[in-house]
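Chemist: For reference, the file protein.txt (compact mmCIF, C-alpha atoms) is included below:
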```
# COMPACT_ATOMS: atom_id res chain seq x y z
CA GLY A 1 12.56 0.26 11.41
CA ALA A 2 10.47 3.38 11.06
CA VAL A 3 6.97 3.28 12.52
CA VAL A 4 3.81 4.97 11.34
CA SER A 5 0.92 4.96 13.78
CA GLN A 6 -2.62 5.32 12.43
CA HIS A 7 -5.72 5.84 14.57
CA PRO A 8 -8.39 4.78 14.93
CA SER A 9 -8.15 1.20 13.61
CA TRP A 10 -11.85 1.14 12.98
CA VAL A 11 -14.72 3.57 13.33
CA ILE A 12 -18.47 3.37 12.93
CA CYS A 13 -20.35 6.61 12.44
CA LYS A 14 -23.78 7.89 11.48
CA SER A 15 -24.43 9.29 8.04
CA GLY A 16 -23.81 13.05 7.95
CA THR A 17 -21.17 13.11 10.67
CA SER A 18 -17.46 13.79 10.20
CA VAL A 19 -14.65 11.41 11.03
CA LYS A 20 -11.00 12.27 11.58
CA ILE A 21 -8.20 9.78 10.99
CA GLU A 22 -4.69 10.48 12.28
CA CYS A 23 -1.41 9.32 10.88
CA ARG A 24 1.74 9.88 12.92
CA SER A 25 5.36 9.11 12.12
CA LEU A 26 6.76 8.04 15.48
CA ASP A 27 10.50 8.03 14.97
CA PHE A 28 11.13 10.08 11.85
CA GLN A 29 10.04 13.29 10.19
CA ALA A 30 7.74 12.83 7.23
CA THR A 31 7.75 15.64 4.68
CA THR A 32 5.34 13.76 2.47
CA MET A 33 2.43 11.52 3.39
CA PHE A 34 0.07 9.65 1.10
CA TRP A 35 -3.52 8.65 1.78
CA TYR A 36 -4.93 5.55 0.12
CA ARG A 37 -8.38 3.99 0.09
CA GLN A 38 -9.31 0.37 -0.55
CA PHE A 39 -12.78 -0.93 -1.33
CA PRO A 40 -13.46 -4.66 -0.87
CA LYS A 41 -11.57 -6.84 -3.35
CA GLN A 42 -10.03 -3.78 -4.97
CA SER A 43 -6.53 -2.29 -5.05
CA LEU A 44 -5.23 0.36 -2.73
CA MET A 45 -6.04 3.58 -4.58
CA LEU A 46 -4.13 6.80 -4.00
CA MET A 47 -6.44 9.58 -2.82
CA ALA A 48 -4.06 12.42 -2.14
CA THR A 49 -0.50 13.43 -1.44
CA SER A 50 0.15 15.82 1.41
CA ASN A 51 3.30 17.82 1.96
CA GLU A 52 4.03 19.42 5.31
CA GLY A 53 2.99 23.04 5.39
CA SER A 54 1.25 23.11 2.02
CA LYS A 55 -2.05 22.11 0.46
CA ALA A 56 -2.63 18.49 -0.41
CA THR A 57 -2.68 17.31 -4.01
CA TYR A 58 -5.76 15.23 -4.76
CA GLU A 59 -6.10 12.51 -7.35
CA GLN A 60 -8.71 12.85 -10.04
CA GLY A 61 -12.17 12.02 -8.78
CA VAL A 62 -11.38 12.62 -5.09
CA GLU A 63 -13.34 15.55 -3.66
CA LYS A 64 -11.04 17.86 -1.75
CA ASP A 65 -13.90 19.46 0.16
CA LYS A 66 -15.09 16.09 1.35
CA PHE A 67 -11.74 14.59 2.27
CA LEU A 68 -9.90 17.29 4.18
CA ILE A 69 -6.21 16.68 4.65
CA ASN A 70 -4.07 18.59 7.10
CA HIS A 71 -0.31 18.09 7.37
CA ALA A 72 0.62 20.81 9.83
CA SER A 73 3.71 19.17 11.27
CA LEU A 74 6.44 16.82 10.12
CA THR A 75 5.02 13.99 12.23
CA LEU A 76 1.27 14.31 11.82
CA SER A 77 -1.19 14.21 8.95
CA THR A 78 -4.95 13.96 9.38
CA LEU A 79 -7.69 12.95 6.98
CA THR A 80 -11.19 14.16 7.83
CA VAL A 81 -14.11 12.60 6.02
CA THR A 82 -16.75 15.32 6.18
CA SER A 83 -20.47 14.59 6.11
CA ALA A 84 -19.78 10.90 5.69
CA HIS A 85 -22.22 8.76 3.72
CA PRO A 86 -22.48 4.98 3.39
CA GLU A 87 -20.59 5.07 0.08
CA ASP A 88 -17.59 6.46 1.99
CA SER A 89 -17.37 3.20 3.93
CA SER A 90 -13.95 1.86 3.05
CA PHE A 91 -10.50 1.02 4.34
CA TYR A 92 -8.23 4.08 4.58
CA ILE A 93 -4.46 3.79 5.00
CA CYS A 94 -1.66 6.31 5.17
CA SER A 95 1.98 6.07 4.25
CA ALA A 96 4.89 8.36 4.92
CA ILE A 97 8.28 9.10 3.41
CA ASN A 98 11.26 9.80 5.60
CA THR A 99 12.43 13.39 5.02
CA GLY A 100 15.02 13.47 2.28
CA GLY A 101 14.10 9.95 1.33
CA THR A 102 12.83 8.57 -1.93
CA ILE A 103 9.82 6.46 -2.63
CA GLU A 104 11.91 3.51 -1.50
CA LYS A 105 11.69 4.67 2.10
CA LEU A 106 7.94 4.44 2.37
CA PHE A 107 6.29 3.31 5.61
CA PHE A 108 2.64 2.47 6.12
CA GLY A 109 0.18 2.81 8.95
CA SER A 110 -2.02 -0.16 9.79
CA GLY A 111 -5.16 1.36 8.30
CA THR A 112 -8.62 2.48 9.41
CA GLN A 113 -11.81 0.64 8.55
CA LEU A 114 -14.63 3.18 8.28
CA SER A 115 -18.25 2.07 8.35
CA VAL A 116 -20.91 4.71 7.79
CA LEU A 117 -24.42 3.71 8.83
CA ILE B 1 -4.44 4.87 -16.52
CA LEU B 2 -1.76 2.68 -14.97
CA ASN B 3 -2.80 -0.91 -14.41
CA VAL B 4 -1.00 -3.36 -12.16
CA GLU B 5 -2.26 -6.93 -12.36
CA GLN B 6 -1.45 -9.67 -9.88
CA SER B 7 -2.17 -13.35 -10.27
CA PRO B 8 -3.41 -15.52 -8.85
CA GLN B 9 -5.85 -13.64 -6.62
CA SER B 10 -5.51 -16.30 -3.93
CA LEU B 11 -3.38 -19.33 -3.43
CA HIS B 12 -3.41 -22.29 -1.04
CA VAL B 13 -0.04 -23.99 -0.59
CA GLN B 14 0.97 -26.95 1.50
CA GLU B 15 3.58 -26.24 4.18
CA GLY B 16 7.04 -27.02 2.84
CA ASP B 17 6.11 -26.52 -0.80
CA SER B 18 7.56 -23.71 -2.87
CA THR B 19 5.35 -21.25 -4.73
CA ASN B 20 5.46 -18.18 -6.90
CA PHE B 21 3.11 -15.50 -8.17
CA THR B 22 3.13 -12.76 -10.74
CA CYS B 23 2.84 -9.02 -11.02
CA SER B 24 2.46 -7.37 -14.42
CA PHE B 25 2.77 -3.63 -14.95
CA PRO B 26 3.11 -1.05 -17.74
CA SER B 27 6.60 -1.19 -19.22
CA SER B 28 6.64 2.48 -20.22
CA ASN B 29 7.75 5.27 -17.85
CA PHE B 30 8.96 2.66 -15.38
CA TYR B 31 10.86 3.75 -12.28
CA ALA B 32 10.51 1.06 -9.63
CA LEU B 33 8.60 -2.08 -8.71
CA HIS B 34 7.80 -2.73 -5.07
CA TRP B 35 6.72 -5.87 -3.25
CA TYR B 36 4.96 -5.65 0.11
CA ARG B 37 3.87 -8.32 2.55
CA TRP B 38 0.64 -7.46 4.38
CA GLU B 39 -0.67 -9.40 7.32
CA THR B 40 -4.19 -8.76 8.57
CA ALA B 41 -4.45 -5.87 11.06
CA LYS B 42 -0.81 -4.92 10.50
CA SER B 43 1.02 -2.40 8.33
CA PRO B 44 2.23 -3.49 4.91
CA GLU B 45 5.89 -4.44 5.21
CA ALA B 46 8.29 -3.61 2.39
CA LEU B 47 9.99 -6.70 0.97
CA PHE B 48 11.79 -5.49 -2.13
CA VAL B 49 12.22 -2.46 -4.35
CA MET B 50 13.63 -3.17 -7.79
CA THR B 51 14.55 -0.68 -10.46
CA LEU B 52 16.76 -2.38 -13.04
CA ASN B 53 15.76 -4.87 -15.71
CA GLY B 54 17.03 -8.28 -14.66
CA ASP B 55 17.18 -7.36 -10.97
CA GLU B 56 16.95 -10.29 -8.61
CA LYS B 57 16.58 -9.76 -4.88
CA LYS B 58 16.44 -12.21 -2.03
CA LYS B 59 15.46 -12.05 1.64
CA GLY B 60 15.67 -15.40 3.37
CA ARG B 61 13.34 -17.83 1.59
CA ILE B 62 11.70 -15.10 -0.46
CA SER B 63 13.10 -13.80 -3.72
CA ALA B 64 11.90 -11.66 -6.59
CA THR B 65 12.84 -11.03 -10.20
CA LEU B 66 12.13 -8.12 -12.51
CA ASN B 67 11.65 -7.82 -16.27
CA THR B 68 10.99 -4.21 -17.17
CA LYS B 69 10.99 -4.78 -20.93
CA GLU B 70 8.02 -7.09 -20.83
CA GLY B 71 6.54 -5.61 -17.66
CA TYR B 72 6.45 -8.41 -15.12
CA SER B 73 7.90 -9.46 -11.78
CA TYR B 74 7.80 -12.81 -10.02
CA LEU B 75 7.85 -13.38 -6.27
CA TYR B 76 9.10 -16.78 -5.13
CA ILE B 77 8.74 -18.39 -1.73
CA LYS B 78 10.83 -21.47 -1.07
CA GLY B 79 9.74 -24.04 1.51
CA SER B 80 6.56 -22.22 2.57
CA GLN B 81 5.88 -21.87 6.28
CA PRO B 82 2.60 -20.95 8.05
CA GLU B 83 4.04 -17.53 8.91
CA ASP B 84 4.28 -16.78 5.18
CA SER B 85 0.47 -16.58 5.08
CA ALA B 86 -0.33 -12.99 4.10
CA THR B 87 -1.40 -10.84 1.19
CA TYR B 88 1.47 -9.96 -1.12
CA LEU B 89 1.10 -6.63 -2.88
CA CYS B 90 3.09 -5.32 -5.76
CA ALA B 91 3.19 -1.65 -6.65
CA PHE B 92 4.60 0.37 -9.50
CA SER B 93 6.02 3.88 -9.51
CA VAL B 94 6.82 6.13 -12.44
CA SER B 95 9.19 8.49 -10.67
CA GLY B 96 11.48 8.67 -7.71
CA GLY B 97 12.19 11.43 -5.24
CA GLY B 98 8.97 10.87 -3.36
CA ALA B 99 6.94 12.97 -5.77
CA ASP B 100 4.29 10.40 -6.62
CA GLY B 101 2.40 7.70 -4.84
CA LEU B 102 2.41 4.07 -5.85
CA THR B 103 -0.05 2.22 -8.09
CA PHE B 104 -0.95 -1.07 -6.46
CA GLY B 105 -2.22 -4.39 -7.70
CA LYS B 106 -5.07 -6.14 -5.86
CA GLY B 107 -2.66 -8.52 -4.18
CA THR B 108 -2.20 -12.27 -3.98
CA HIS B 109 -3.70 -13.77 -0.83
CA LEU B 110 -1.45 -16.66 0.22
CA ILE B 111 -2.58 -19.30 2.69
CA ILE B 112 -0.09 -21.90 3.88
CA GLN B 113 -1.77 -25.08 5.06
CA PRO B 114 0.02 -27.10 7.76
```
Could you show the structure in this file as structure tokens?
Modeler:
Amino acid sequence: GAVVSQHPSWVICKSGTSVKIECRSLDFQATTMFWYRQFPKQSLMLMATSNEGSKATYEQGVEKDKFLINHASLTLSTLTVTSAHPEDSSFYICSAINTGGTIEKLFFGSGTQLSVL
Amino acid sequence: ILNVEQSPQSLHVQEGDSTNFTCSFPSSNFYALHWYRWETAKSPEALFVMTLNGDEKKKGRISATLNTKEGYSYLYIKGSQPEDSATYLCAFSVSGGGADGLTFGKGTHLIIQP
């Protein structure tokens, strides 16, 4: 089946620094990628939808200047948490749709646990 | 605000026993209901996608049913095995074509005891 690789699996950073998380589709082209966030004991919450070659669409309450999303190619999307603060500590996970596919063909990365000190 | 509720939050089941858990979702603007199986440190794995009221799907010992009119889905596991231990997520979508993300429940954490 299709594989989505997400790196890093976990990261610890100091408050005020920026962290970049990569999401790659290894064996298919992903026109659309989604970024989710999960706080402890909560649901996966959609942060933003990114389409290759265009600006990401952010969900209400998600700061676009803080969570920079780049989807410059059909196999790579990145999420950069800028000037991270302890409240940004969370689990971040990406998912990708196979080009021409519907929501049914949705594949997930394995997630990134971010801890901001 | 879309709300997807899953119950129970966690479940301990003896190996060999059968079990089931519930996902409830808004019945309006329904497009599809998804079940995922998520093991720790791995990617969520798609189990089923159901779109029609009355749908029943089966994969090995795992099956699922869908009632879109009343807004619920059941996931059944027959003859539980230790490898079934995982978090089972359900998610709801209001449109197809890849335009929107999914709205997830908090999951049911299943532990199979040998």
Chemist: In Å, rounded to a single decimal, give me how far CA of Gly107 in chain B is from CA of Ser43 in chain A.
Modeler: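 Separation between CA of Ser43 in chain A and CA of Gly107 in chain B: 7.4 Å.
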Chemist: If you count all atoms listed in the file, which residues fall within 7 Å of range 8-24 of chain B, apart from same-chain ones fewer than 5 positions away, as a PyMOL selection string?
Modeler: chain B and resi 71-82+90+107-114
Chemist: Mind dumping the selected residues with C-alpha atoms as a compact mmCIF listing (two decimals), keeping the file's coordinate frame?
Modeler:
```txt
# COMPACT_ATOMS: atom_id res chain seq x y z
CA GLY B 71 6.54 -5.61 -17.66
CA TYR B 72 6.45 -8.41 -15.12
CA SER B 73 7.90 -9.46 -11.78
CA TYR B 74 7.80 -12.81 -10.02
CA LEU B 75 7.85 -13.38 -6.27
CA TYR B 76 9.10 -16.78 -5.13
CA ILE B 77 8.74 -18.39 -1.73
CA LYS B 78 10.83 -21.47 -1.07
CA GLY B 79 9.74 -24.04 1.51
CA SER B 80 6.56 -22.22 2.57
CA GLN B 81 5.88 -21.87 6.28
CA PRO B 82 2.60 -20.95 8.05
CA CYS B 90 3.09 -5.32 -5.76
CA GLY B 107 -2.66 -8.52 -4.18
CA THR B 108 -2.20 -12.27 -3.98
CA HIS B 109 -3.70 -13.77 -0.83
CA LEU B 110 -1.45 -16.66 0.22
CA ILE B 111 -2.58 -19.30 2.69
CA ILE B 112 -0.09 -21.90 3.88
CA GLN B 113 -1.77 -25.08 5.06
CA PRO B 114 0.02 -27.10 7.76
```
Chemist: Enumerate, in order of chain and increasing residue number, the residues of chain A with an atom no farther than 10 Å from chain B, each with its shortest atom pair and distance in Å to one decimal, counting all atoms listed in the file, as a Markdown table.
Modeler:
```
| residue | atom | partner | partner_atom | distance |
| --- | --- | --- | --- | --- |
| A:Val3 | CA | B:Ser43 | CA | 9.2 |
| A:Val4 | CA | B:Ser43 | CA | 8.4 |
| A:Ser5 | CA | B:Ser43 | CA | 9.2 |
| A:Gln6 | CA | B:Ser43 | CA | 9.5 |
| A:Ser9 | CA | B:Ala41 | CA | 8.4 |
| A:Thr31 | CA | B:Gly98 | CA | 9.4 |
| A:Thr32 | CA | B:Gly98 | CA | 7.5 |
| A:Met33 | CA | B:Gly101 | CA | 9.1 |
| A:Phe34 | CA | B:Gly101 | CA | 6.7 |
| A:Trp35 | CA | B:Gly101 | CA | 8.9 |
| A:Tyr36 | CA | B:Gly101 | CA | 9.1 |
| A:Gln38 | CA | B:Lys106 | CA | 9.4 |
| A:Pro40 | CA | B:Lys106 | CA | 9.9 |
| A:Lys41 | CA | B:Lys106 | CA | 7.0 |
| A:Gln42 | CA | B:Lys106 | CA | 5.6 |
| A:Ser43 | CA | B:Lys106 | CA | 4.2 |
| A:Leu44 | CA | B:Phe104 | CA | 5.9 |
| A:Met45 | CA | B:Thr103 | CA | 7.1 |
| A:Leu46 | CA | B:Gly101 | CA | 6.6 |
| A:Met47 | CA | B:Gly101 | CA | 9.3 |
| A:Ala48 | CA | B:Gly101 | CA | 8.4 |
| A:Thr49 | CA | B:Gly101 | CA | 7.3 |
| A:Asn51 | CA | B:Ala99 | CA | 9.8 |
| A:Ile93 | CA | B:Ser43 | CA | 8.9 |
| A:Cys94 | CA | B:Ser43 | CA | 9.6 |
| A:Ser95 | CA | B:Gly101 | CA | 9.2 |
| A:Ala96 | CA | B:Gly98 | CA | 9.6 |
| A:Ile97 | CA | B:Gly98 | CA | 7.0 |
| A:Asn98 | CA | B:Gly98 | CA | 9.3 |
| A:Thr99 | CA | B:Gly98 | CA | 9.4 |
| A:Gly100 | CA | B:Gly97 | CA | 8.3 |
| A:Gly101 | CA | B:Gly97 | CA | 7.0 |
| A:Thr102 | CA | B:Gly97 | CA | 4.4 |
| A:Ile103 | CA | B:Gly98 | CA | 4.6 |
| A:Glu104 | CA | B:Val49 | CA | 6.6 |
| A:Lys105 | CA | B:Gly98 | CA | 8.7 |
| A:Leu106 | CA | B:Ala46 | CA | 8.1 |
| A:Phe107 | CA | B:Glu45 | CA | 7.8 |
| A:Phe108 | CA | B:Ser43 | CA | 5.6 |
| A:Gly109 | CA | B:Ser43 | CA | 5.3 |
| A:Ser110 | CA | B:Ser43 | CA | 4.0 |
| A:Gly111 | CA | B:Ser43 | CA | 7.2 |
| A:Thr112 | CA | B:Ala41 | CA | 9.5 |
```
Chemist: So which residues touch Asn70 in chain A within 7 Å, counting all atoms listed in the file, skipping near sequence neighbours fewer than 6 positions away, as a CSV table (one decimal) with C-alpha atoms, in the coordinates of the input?
Modeler:
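Listing of selection.csv after writing:
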```
chain,number,residue,atom,x,y,z
A,77,SER,CA,-1.2,14.2,9.0
A,78,THR,CA,-5.0,14.0,9.4
A,79,LEU,CA,-7.7,13.0,7.0
```
Chemist: With all atoms listed in the file as the atoms that count, which of A:Pro8, A:Val116, A:Lys20, A:Gly53 lies nearest to Ser73 in chain A?
Modeler: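 Using all atoms listed in the file, Ser73 in chain A sits closest to A:Gly53.
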Chemist: Give the padded box for range 2-7 of chain B as lines of an AutoDock Vina configuration file: axis-aligned, covering all atoms listed in the file, 3 Å on each side, centre and edge lengths in Å to one decimal.
Modeler:
```
center_x = -1.9
center_y = -5.3
center_z = -12.4
size_x = 7.8
size_y = 22.0
size_z = 11.1
```
Chemist: Using all atoms listed in the file, which residue out of A:Ala2, A:Ile69, A:Ala56, A:Val19 lies closest to Thr82 in chain A?
Modeler: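 Closest to Thr82 in chain A of all the choices is A:Val19.
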Chemist: One number please: CA of Gln113 in chain A to CA of Asn3 in chain B, in Å, one decimal.
Modeler: 24.7 Å
Chemist: Have a look at CA of Tyr36 in chain B and CA of Tyr88 in chain B and let me know their distance in Å, one decimal.
Modeler: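 That distance, rounded to one decimal, is 5.7 Å.
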Chemist: Using only C-alpha atoms, which protein or nucleic acid residues come within 6 Å of Leu66 in chain B? Drop anything in the same chain fewer than 6 positions from it, and give the result as a list in words.
Modeler: Asn53, Gly54, Asp55 and Ser73 of chain B
Chemist: Restricting the calculation to all atoms listed in the file: of A:Leu114, A:Gln29, A:Ser50, A:Leu76, which residue gets closest to Lys64 in chain A?
Modeler: A:Ser50
